[in-house]
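The next block is entry_14.tsv, given as TSV, C-alpha atoms.
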chain	number	residue	atom	x	y	z
P	4	MET	CA	54.22	-110.63	107.31
P	5	SER	CA	56.34	-112.32	109.98
P	6	ARG	CA	57.52	-115.84	109.36
P	7	GLN	CA	55.98	-118.51	111.56
P	8	LYS	CA	58.59	-120.26	113.70
P	9	VAL	CA	58.89	-123.97	112.89
P	10	VAL	CA	59.15	-126.06	116.07
P	11	SER	CA	60.76	-129.47	115.77
P	12	THR	CA	58.64	-132.37	117.05
P	13	LEU	CA	61.53	-134.84	117.23
P	14	CYS	CA	61.64	-136.85	120.45
P	15	GLY	CA	64.05	-139.65	121.34
P	16	LEU	CA	67.68	-140.60	121.73
P	17	ILE	CA	70.58	-140.87	119.34
P	18	VAL	CA	73.96	-142.38	120.20
P	19	VAL	CA	77.06	-140.65	118.84
P	20	ASP	CA	80.63	-141.93	118.56
P	21	LYS	CA	82.44	-138.77	119.64
P	22	ALA	CA	85.62	-138.02	117.74
P	23	ILE	CA	88.88	-137.04	119.44
P	24	GLY	CA	89.33	-133.30	119.95
P	25	MET	CA	85.61	-132.54	120.19
P	26	SER	CA	83.83	-131.52	123.38
P	27	SER	CA	80.53	-133.09	124.32
P	28	MET	CA	78.87	-129.73	123.63
P	29	ASP	CA	80.39	-129.78	120.13
P	30	VAL	CA	78.51	-133.04	119.63
P	31	VAL	CA	75.27	-131.50	120.92
P	32	ARG	CA	75.60	-128.57	118.53
P	33	ARG	CA	76.13	-130.89	115.55
P	34	VAL	CA	73.12	-133.05	116.50
P	35	ARG	CA	70.91	-130.04	117.21
P	36	ARG	CA	71.68	-128.54	113.80
P	37	ALA	CA	70.89	-131.85	112.07
P	38	ALA	CA	67.68	-132.10	114.10
P	39	GLY	CA	66.31	-128.77	112.88
P	40	LYS	CA	67.29	-126.97	116.10
P	41	ALA	CA	65.30	-129.35	118.29
P	42	LYS	CA	65.98	-129.05	122.00
P	43	THR	CA	69.04	-131.25	122.59
P	44	GLY	CA	71.08	-132.33	125.62
P	45	HIS	CA	73.69	-134.98	126.34
P	46	ALA	CA	73.78	-137.60	129.08
P	47	GLY	CA	77.37	-137.46	130.32
P	48	THR	CA	80.45	-135.47	129.40
P	49	LEU	CA	83.52	-136.92	127.66
P	50	ASP	CA	86.88	-135.13	127.71
P	51	PRO	CA	88.03	-133.75	124.33
P	52	LEU	CA	90.85	-136.34	124.16
P	53	ALA	CA	88.36	-139.18	124.77
P	54	THR	CA	86.24	-140.87	122.11
P	55	GLY	CA	83.17	-143.04	122.12
P	56	VAL	CA	79.59	-143.14	123.32
P	57	VAL	CA	77.74	-139.87	123.92
P	58	ILE	CA	73.95	-140.15	124.22
P	59	CYS	CA	72.05	-137.14	122.89
P	60	CYS	CA	68.45	-136.60	123.97
P	61	LEU	CA	66.08	-134.65	121.71
P	62	GLY	CA	62.83	-132.85	122.48
P	63	LYS	CA	60.92	-134.16	125.48
P	64	ALA	CA	63.51	-136.92	125.82
P	65	THR	CA	65.81	-134.34	127.47
P	66	LYS	CA	63.84	-135.11	130.64
P	67	SER	CA	65.64	-138.49	130.65
P	68	VAL	CA	69.13	-136.98	130.83
P	69	GLU	CA	69.51	-137.38	134.59
P	70	LYS	CA	68.31	-141.00	134.53
P	71	LEU	CA	70.69	-141.87	131.70
P	72	MET	CA	73.62	-140.21	133.47
P	73	GLY	CA	73.08	-142.62	136.35
P	74	GLN	CA	73.61	-145.67	134.12
P	75	PRO	CA	76.84	-147.69	134.50
P	76	LYS	CA	79.66	-146.84	132.06
P	77	ALA	CA	82.25	-148.96	130.26
P	78	TYR	CA	85.63	-147.75	128.99
P	79	ASP	CA	88.73	-149.03	127.27
P	80	THR	CA	91.87	-147.10	128.13
P	81	VAL	CA	95.64	-147.22	127.69
P	82	VAL	CA	97.81	-146.09	130.62
P	83	ASP	CA	101.46	-145.09	130.20
P	84	LEU	CA	103.15	-146.19	133.42
P	85	SER	CA	106.46	-144.46	132.70
P	86	ALA	CA	105.37	-140.90	133.60
P	87	PHE	CA	102.77	-138.70	135.28
P	88	THR	CA	101.33	-135.51	133.79
P	89	GLN	CA	99.54	-132.57	135.43
P	90	THR	CA	96.40	-133.34	133.44
P	91	ASP	CA	96.63	-137.14	133.91
P	92	ASP	CA	96.49	-137.51	130.12
P	93	LEU	CA	98.49	-136.54	127.04
P	94	GLU	CA	97.68	-132.82	127.30
P	95	GLY	CA	100.04	-132.24	130.22
P	96	GLU	CA	103.82	-132.13	130.29
P	97	ARG	CA	105.44	-135.47	131.08
P	98	GLN	CA	106.97	-135.96	134.53
P	99	GLU	CA	109.22	-138.97	134.06
P	100	VAL	CA	109.40	-141.63	136.78
P	101	ASP	CA	112.49	-143.78	137.26
P	102	VAL	CA	111.31	-147.39	137.42
P	103	PRO	CA	114.38	-149.67	137.73
P	104	THR	CA	112.28	-152.83	137.62
P	105	PRO	CA	108.88	-152.66	135.87
P	106	PRO	CA	106.07	-154.46	137.70
P	107	THR	CA	105.09	-157.92	136.55
P	108	LEU	CA	101.72	-158.71	135.00
P	109	GLU	CA	100.71	-160.44	138.25
P	110	GLN	CA	101.58	-157.31	140.27
P	111	VAL	CA	99.61	-155.13	137.86
P	112	GLN	CA	96.57	-157.40	138.07
P	113	THR	CA	96.73	-157.47	141.87
P	114	VAL	CA	96.91	-153.68	142.14
P	115	CYS	CA	94.07	-153.18	139.65
P	116	GLN	CA	91.78	-155.40	141.74
P	117	GLN	CA	92.46	-153.19	144.78
P	118	PHE	CA	90.49	-150.45	143.02
P	119	VAL	CA	87.36	-152.55	142.44
P	120	GLY	CA	84.42	-151.61	144.67
P	121	GLU	CA	83.62	-148.28	146.33
P	122	ILE	CA	86.80	-146.21	146.44
P	123	GLN	CA	87.88	-142.71	147.37
P	124	GLN	CA	89.04	-140.75	144.35
P	125	THR	CA	90.53	-137.29	143.82
P	126	PRO	CA	89.45	-135.82	140.46
P	127	PRO	CA	92.13	-134.40	138.14
P	128	ILE	CA	92.93	-130.73	138.79
P	129	TYR	CA	92.23	-130.15	135.11
P	130	SER	CA	88.55	-131.07	135.32
P	131	ALA	CA	85.19	-129.31	135.49
P	132	VAL	CA	84.74	-129.98	139.23
P	133	HIS	CA	83.69	-126.86	141.14
P	134	VAL	CA	86.22	-125.62	143.71
P	135	ASN	CA	85.29	-122.48	145.65
P	136	GLY	CA	82.67	-121.63	143.05
P	137	GLN	CA	85.00	-121.97	140.06
P	138	ARG	CA	85.87	-124.74	137.66
P	139	ALA	CA	89.05	-126.49	138.80
P	140	TYR	CA	90.66	-126.34	135.35
P	141	LYS	CA	90.26	-122.54	135.25
P	142	LEU	CA	92.09	-122.20	138.58
P	143	ALA	CA	94.80	-124.62	137.46
P	144	ARG	CA	95.38	-122.69	134.23
P	145	LYS	CA	95.89	-119.53	136.27
P	146	GLY	CA	98.63	-121.34	138.19
P	147	GLU	CA	96.63	-121.32	141.42
P	148	ALA	CA	96.86	-124.17	143.92
P	149	VAL	CA	93.75	-126.33	143.70
P	150	ASP	CA	92.55	-128.35	146.69
P	151	MET	CA	90.44	-130.99	144.97
P	152	PRO	CA	87.58	-132.57	146.96
P	153	ILE	CA	87.81	-136.33	147.49
P	154	LYS	CA	84.73	-138.23	146.31
P	155	THR	CA	83.40	-141.77	146.59
P	156	VAL	CA	83.00	-143.60	143.28
P	157	ARG	CA	82.17	-147.17	142.30
P	158	ILE	CA	84.35	-149.41	140.13
P	159	ASP	CA	82.53	-152.59	139.08
P	160	ALA	CA	85.36	-154.32	137.18
P	161	ILE	CA	88.88	-153.78	135.86
P	162	ASP	CA	90.25	-156.25	133.31
P	163	VAL	CA	93.80	-156.16	131.96
P	164	LEU	CA	93.56	-156.52	128.17
P	165	ASP	CA	97.27	-156.10	127.45
P	166	TYR	CA	100.45	-155.21	129.31
P	167	THR	CA	103.69	-154.47	127.53
P	168	TRP	CA	105.80	-152.12	129.65
P	169	PRO	CA	105.13	-149.23	129.94
P	170	SER	CA	101.77	-149.54	128.20
P	171	LEU	CA	98.82	-151.00	130.13
P	172	THR	CA	95.48	-151.53	128.36
P	173	LEU	CA	92.43	-151.84	130.60
P	174	SER	CA	88.71	-152.48	130.25
P	175	ILE	CA	86.78	-150.74	133.03
P	176	LYS	CA	83.17	-150.85	134.18
P	177	CYS	CA	82.16	-148.17	136.66
P	178	GLY	CA	79.45	-145.99	138.11
P	179	ARG	CA	78.60	-142.33	137.61
P	180	GLY	CA	81.20	-139.68	138.30
P	181	THR	CA	84.27	-141.90	137.99
P	182	TYR	CA	87.35	-140.24	136.51
P	183	ILE	CA	89.32	-142.78	134.48
P	184	ARG	CA	92.23	-140.31	134.37
P	185	SER	CA	92.37	-140.42	138.17
P	186	LEU	CA	92.15	-144.20	138.15
P	187	GLY	CA	95.10	-144.51	135.76
P	188	ARG	CA	97.14	-142.10	137.88
P	189	ASP	CA	96.30	-143.89	141.14
P	190	ILE	CA	97.05	-147.35	139.76
P	191	GLY	CA	100.49	-146.02	138.79
P	192	LYS	CA	101.05	-144.56	142.25
P	193	GLN	CA	100.13	-147.86	143.87
P	194	LEU	CA	102.52	-149.72	141.55
P	195	GLY	CA	105.35	-147.26	142.30
P	196	THR	CA	105.41	-146.15	138.65
P	197	GLY	CA	104.00	-143.25	136.69
P	198	GLY	CA	100.47	-143.25	135.30
P	199	HIS	CA	98.65	-141.15	132.71
P	200	LEU	CA	96.16	-141.97	129.97
P	201	THR	CA	97.27	-142.05	126.36
P	202	SER	CA	93.82	-143.00	125.06
P	203	LEU	CA	90.30	-143.31	126.44
P	204	ARG	CA	87.24	-144.70	124.69
P	205	ARG	CA	83.78	-145.01	126.24
P	206	THR	CA	82.28	-148.19	124.91
P	207	ALA	CA	78.90	-148.14	126.65
P	208	VAL	CA	76.47	-146.16	128.78
P	209	GLY	CA	74.05	-148.68	130.22
P	210	GLY	CA	72.75	-150.69	127.27
P	211	TYR	CA	73.76	-148.04	124.73
P	212	THR	CA	76.92	-149.37	123.11
P	213	LEU	CA	79.22	-148.44	120.24
P	214	ASP	CA	77.20	-150.81	118.05
P	215	LEU	CA	74.36	-148.25	118.21
P	216	ALA	CA	76.58	-145.22	117.70
P	217	HIS	CA	76.68	-142.98	114.64
P	218	PRO	CA	79.95	-141.39	113.46
P	219	ILE	CA	80.01	-137.61	113.83
P	220	ASP	CA	79.94	-137.00	110.06
P	221	ARG	CA	76.50	-138.63	109.95
P	222	PHE	CA	75.12	-135.36	111.33
P	223	GLU	CA	75.98	-133.45	108.20
P	224	SER	CA	72.59	-134.77	107.02
P	225	PRO	CA	69.20	-134.15	108.69
P	226	ILE	CA	67.86	-136.41	111.45
P	227	SER	CA	64.35	-137.83	111.20
P	228	GLN	CA	62.19	-139.48	113.85
P	229	ASP	CA	63.09	-142.87	112.34
P	230	ASP	CA	66.73	-142.28	113.29
P	231	LEU	CA	65.92	-141.95	116.99
P	232	LEU	CA	65.76	-144.58	119.69
P	233	PRO	CA	62.78	-144.58	122.06
P	234	VAL	CA	62.89	-142.84	125.42
P	235	PRO	CA	63.70	-145.36	128.21
P	236	ASP	CA	60.89	-146.31	130.59

Represent the structure contained in this file as structure tokens.
Amino acid sequence: MSRQKVVSTLCGLIVVDKAIGMSSMDVVRRVRRAAGKAKTGHAGTLDPLATGVVICCLGKATKSVEKLMGQPKAYDTVVDLSAFTQTDDLEGERQEVDVPTPPTLEQVQTVCQQFVGEIQQTPPIYSAVHVNGQRAYKLARKGEAVDMPIKTVRIDAIDVLDYTWPSLTLSIKCGRGTYIRSLGRDIGKQLGTGGHLTSLRRTAVGGYTLDLAHPIDRFESPISQDDLLPVPD
């Protein structure tokens, strides 16, 4: 006799605090396994070197992925202003910048405010943006020149949390599709310094904050319906 396939009836959202080094799909696989192989998707990618909020949608709640991806995001990040890198984060080789006189806090704050509002942004060449039908990072890894498309993004707020040369800590609120790596790079260019991220943490997607997030090791145990948040209206 053939075994009857058990179909999971779980439906809802669960917020995960993604660990450094994991991809967003790594998170989905962990959650799916803990959810008895329920249909699972995530509402917004985080780079492997980033940590923080990833919303996973289970069962029929996967229909809400697109709506959730449109929610505003919040990040905390640290920018090293002494160098650029090809990847705009710690993965790339450092390209040192000679800065005889570091900018003052007032100069940093003034430049940061220039990026608030709708701005034109060039995504990092090491990103998943499609260029000529291929992922940009695949072309870059082959050593090919990548002509990245410029896109319009929305920055709602940039607050300077700390500045001790060359380290600049920012809190950022922004809209969908914003690359914080690009923002750190461009702030550095505007200051006449370097600029690459040394850490990035997503603290919120809409109303889903780190306070609601489960650590990744939580998903070594099964998920029940009681663990899930309701699907947004």

Quick one: pull the distance between CA of Asp214 (chain P) and CA of His45 (chain P), Å, one decimal. 18.2 Å

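Each of P:Pro103, P:Gly180, P:Gly95, P:Gly187 was compared to Asp79 (chain P) using all atoms listed in the file, and P:Gly187 turns out to be the nearest.
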
Quick one: residues within 10 Å of Thr12 (chain P), only C-alpha atoms counted, chain neighbours fewer than 4 positions away excluded, as a ChimeraX atom specification? /P:38-39,41-42,61-63,227-228

Would you output that residue set with C-alpha atoms, as an mmCIF file, in the coordinates of the input?
data_model
loop_
_atom_site.group_PDB
_atom_site.id
_atom_site.type_symbol
_atom_site.label_atom_id
_atom_site.label_comp_id
_atom_site.auth_asym_id
_atom_site.auth_seq_id
_atom_site.Cartn_x
_atom_site.Cartn_y
_atom_site.Cartn_z
ATOM 1 C CA ALA P 38 67.680 -132.100 114.100
ATOM 2 C CA GLY P 39 66.310 -128.770 112.880
ATOM 3 C CA ALA P 41 65.300 -129.350 118.290
ATOM 4 C CA LYS P 42 65.980 -129.050 122.000
ATOM 5 C CA LEU P 61 66.080 -134.650 121.710
ATOM 6 C CA GLY P 62 62.830 -132.850 122.480
ATOM 7 C CA LYS P 63 60.920 -134.160 125.480
ATOM 8 C CA SER P 227 64.350 -137.830 111.200
ATOM 9 C CA GLN P 228 62.190 -139.480 113.850
#

Extract, using all atoms listed in the file, all DNA, RNA and protein residues at most 9 Å from Asp101 (chain P), discarding same-chain residues fewer than 5 positions from it, and format them as a list of chain:residue names. P:Ser85, P:Ala86, P:Thr196, P:Gly197

Rounded to one decimal in Å, what is the spacing between CA of Gln89 (chain P) and CA of Arg188 (chain P)?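 If I compute the distance from CA of Gln89 (chain P) to CA of Arg188 (chain P), I get 10.1 Å.
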
(91.1, -136.2, 138.0) in this file's frame - what residues fall within 6 Å of it? Use only C-alpha atoms and give the answer as a list in words.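 Output: Thr125, Pro126, Pro127, Ile128, Tyr182, Arg184 and Ser185 of chain P.
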
Please, what distance in Å, to one decimal, runs between CA of Lys40 (chain P) and CA of Leu52 (chain P)?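 So the answer is 26.6 Å.
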
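Here the question is which of P:Pro169, P:Gly178, P:Gly198, P:Gly73 gets nearest to Thr90 (chain P) using only C-alpha atoms, and that residue is P:Gly198.
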
Closest of P:Gly191, P:Pro106, P:Gly120, P:Gly210 to Trp168 (chain P) - atom-to-atom distances counting only C-alpha atoms: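 The shortest atom-to-atom distance to Trp168 (chain P) comes from P:Pro106.
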
Pick the closest to Ile190 (chain P) from P:Thr212, P:Gln117, P:Ser224, P:Gln74: which is it, counting all atoms listed in the file?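 With all atoms listed in the file as the atom set, the closest residue is P:Gln117.
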
Out of P:Cys59, P:Leu200, P:Ala216, P:Ile122, which residue has the shortest atom-to-atom distance to Cys177 (chain P) when counting all atoms listed in the file?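 Going through P:Cys59, P:Leu200, P:Ala216, P:Ile122 one by one, the smallest distance to Cys177 (chain P) is for P:Ile122.
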
Please fill the gaps in region 63-90 of chain P so it has N, CA and C atoms, and write that as a JSON list (two decimals), keeping the file's coordinate frame.
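The resulting file, part-v4.json, is shown below:
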[["chain", "number", "residue", "atom", "x", "y", "z"],
["P", 63, "LYS", "N", 61.35, -133.81, 124.12],
["P", 63, "LYS", "CA", 60.92, -134.16, 125.48],
["P", 63, "LYS", "C", 61.81, -135.23, 126.11],
["P", 64, "ALA", "N", 62.60, -135.91, 125.29],
["P", 64, "ALA", "CA", 63.51, -136.92, 125.82],
["P", 64, "ALA", "C", 64.61, -136.31, 126.68],
["P", 65, "THR", "N", 64.81, -134.99, 126.61],
["P", 65, "THR", "CA", 65.81, -134.34, 127.47],
["P", 65, "THR", "C", 65.46, -134.52, 128.94],
["P", 66, "LYS", "N", 64.23, -134.85, 129.25],
["P", 66, "LYS", "CA", 63.84, -135.11, 130.64],
["P", 66, "LYS", "C", 64.49, -136.39, 131.16],
["P", 67, "SER", "N", 65.01, -137.23, 130.25],
["P", 67, "SER", "CA", 65.64, -138.49, 130.65],
["P", 67, "SER", "C", 67.13, -138.36, 130.89],
["P", 68, "VAL", "N", 67.68, -137.15, 130.71],
["P", 68, "VAL", "CA", 69.13, -136.98, 130.83],
["P", 68, "VAL", "C", 69.66, -137.46, 132.18],
["P", 69, "GLU", "N", 69.03, -137.04, 133.26],
["P", 69, "GLU", "CA", 69.51, -137.38, 134.59],
["P", 69, "GLU", "C", 69.48, -138.89, 134.82],
["P", 70, "LYS", "N", 68.42, -139.54, 134.37],
["P", 70, "LYS", "CA", 68.31, -141.00, 134.53],
["P", 70, "LYS", "C", 69.41, -141.71, 133.75],
["P", 71, "LEU", "N", 69.66, -141.25, 132.53],
["P", 71, "LEU", "CA", 70.69, -141.87, 131.70],
["P", 71, "LEU", "C", 72.08, -141.65, 132.28],
["P", 72, "MET", "N", 72.31, -140.50, 132.88],
["P", 72, "MET", "CA", 73.62, -140.21, 133.47],
["P", 72, "MET", "C", 73.93, -141.15, 134.63],
["P", 73, "GLY", "N", 72.89, -141.69, 135.25],
["P", 73, "GLY", "CA", 73.08, -142.62, 136.35],
["P", 73, "GLY", "C", 73.38, -144.05, 135.92],
["P", 74, "GLN", "N", 73.35, -144.31, 134.62],
["P", 74, "GLN", "CA", 73.61, -145.67, 134.12],
["P", 74, "GLN", "C", 75.10, -146.01, 134.25],
["P", 75, "PRO", "N", 75.43, -147.29, 134.44],
["P", 75, "PRO", "CA", 76.84, -147.69, 134.50],
["P", 75, "PRO", "C", 77.54, -147.42, 133.17],
["P", 76, "LYS", "N", 78.85, -147.17, 133.25],
["P", 76, "LYS", "CA", 79.66, -146.84, 132.06],
["P", 76, "LYS", "C", 80.71, -147.93, 131.84],
["P", 77, "ALA", "N", 81.15, -148.04, 130.60],
["P", 77, "ALA", "CA", 82.25, -148.96, 130.26],
["P", 77, "ALA", "C", 83.26, -148.21, 129.41],
["P", 78, "TYR", "N", 84.54, -148.45, 129.69],
["P", 78, "TYR", "CA", 85.63, -147.75, 128.99],
["P", 78, "TYR", "C", 86.74, -148.73, 128.64],
["P", 79, "ASP", "N", 87.43, -148.44, 127.56],
["P", 79, "ASP", "CA", 88.73, -149.03, 127.27],
["P", 79, "ASP", "C", 89.75, -147.91, 127.33],
["P", 80, "THR", "N", 90.87, -148.15, 127.99],
["P", 80, "THR", "CA", 91.87, -147.10, 128.13],
["P", 80, "THR", "C", 93.27, -147.69, 128.08],
["P", 81, "VAL", "N", 94.22, -146.86, 127.68],
["P", 81, "VAL", "CA", 95.64, -147.22, 127.69],
["P", 81, "VAL", "C", 96.35, -146.28, 128.65],
["P", 82, "VAL", "N", 97.08, -146.85, 129.60],
["P", 82, "VAL", "CA", 97.81, -146.09, 130.62],
["P", 82, "VAL", "C", 99.31, -146.22, 130.36],
["P", 83, "ASP", "N", 100.00, -145.09, 130.30],
["P", 83, "ASP", "CA", 101.46, -145.09, 130.20],
["P", 83, "ASP", "C", 102.01, -145.02, 131.62],
["P", 84, "LEU", "N", 102.66, -146.09, 132.04],
["P", 84, "LEU", "CA", 103.15, -146.19, 133.42],
["P", 84, "LEU", "C", 104.54, -145.58, 133.62],
["P", 85, "SER", "N", 105.10, -144.98, 132.59],
["P", 85, "SER", "CA", 106.46, -144.46, 132.70],
["P", 85, "SER", "C", 106.52, -143.01, 133.15],
["P", 86, "ALA", "N", 105.35, -142.32, 133.25],
["P", 86, "ALA", "CA", 105.37, -140.90, 133.60],
["P", 86, "ALA", "C", 104.00, -140.46, 134.11],
["P", 87, "PHE", "N", 104.00, -139.41, 134.92],
["P", 87, "PHE", "CA", 102.77, -138.70, 135.28],
["P", 87, "PHE", "C", 102.67, -137.45, 134.41],
["P", 88, "THR", "N", 101.49, -136.85, 134.37],
["P", 88, "THR", "CA", 101.33, -135.51, 133.79],
["P", 88, "THR", "C", 100.39, -134.72, 134.70],
["P", 89, "GLN", "N", 100.43, -133.39, 134.60],
["P", 89, "GLN", "CA", 99.54, -132.57, 135.43],
["P", 89, "GLN", "C", 98.07, -132.82, 135.12],
["P", 90, "THR", "N", 97.78, -133.15, 133.86],
["P", 90, "THR", "CA", 96.40, -133.34, 133.44],
["P", 90, "THR", "C", 95.95, -134.80, 133.53]]
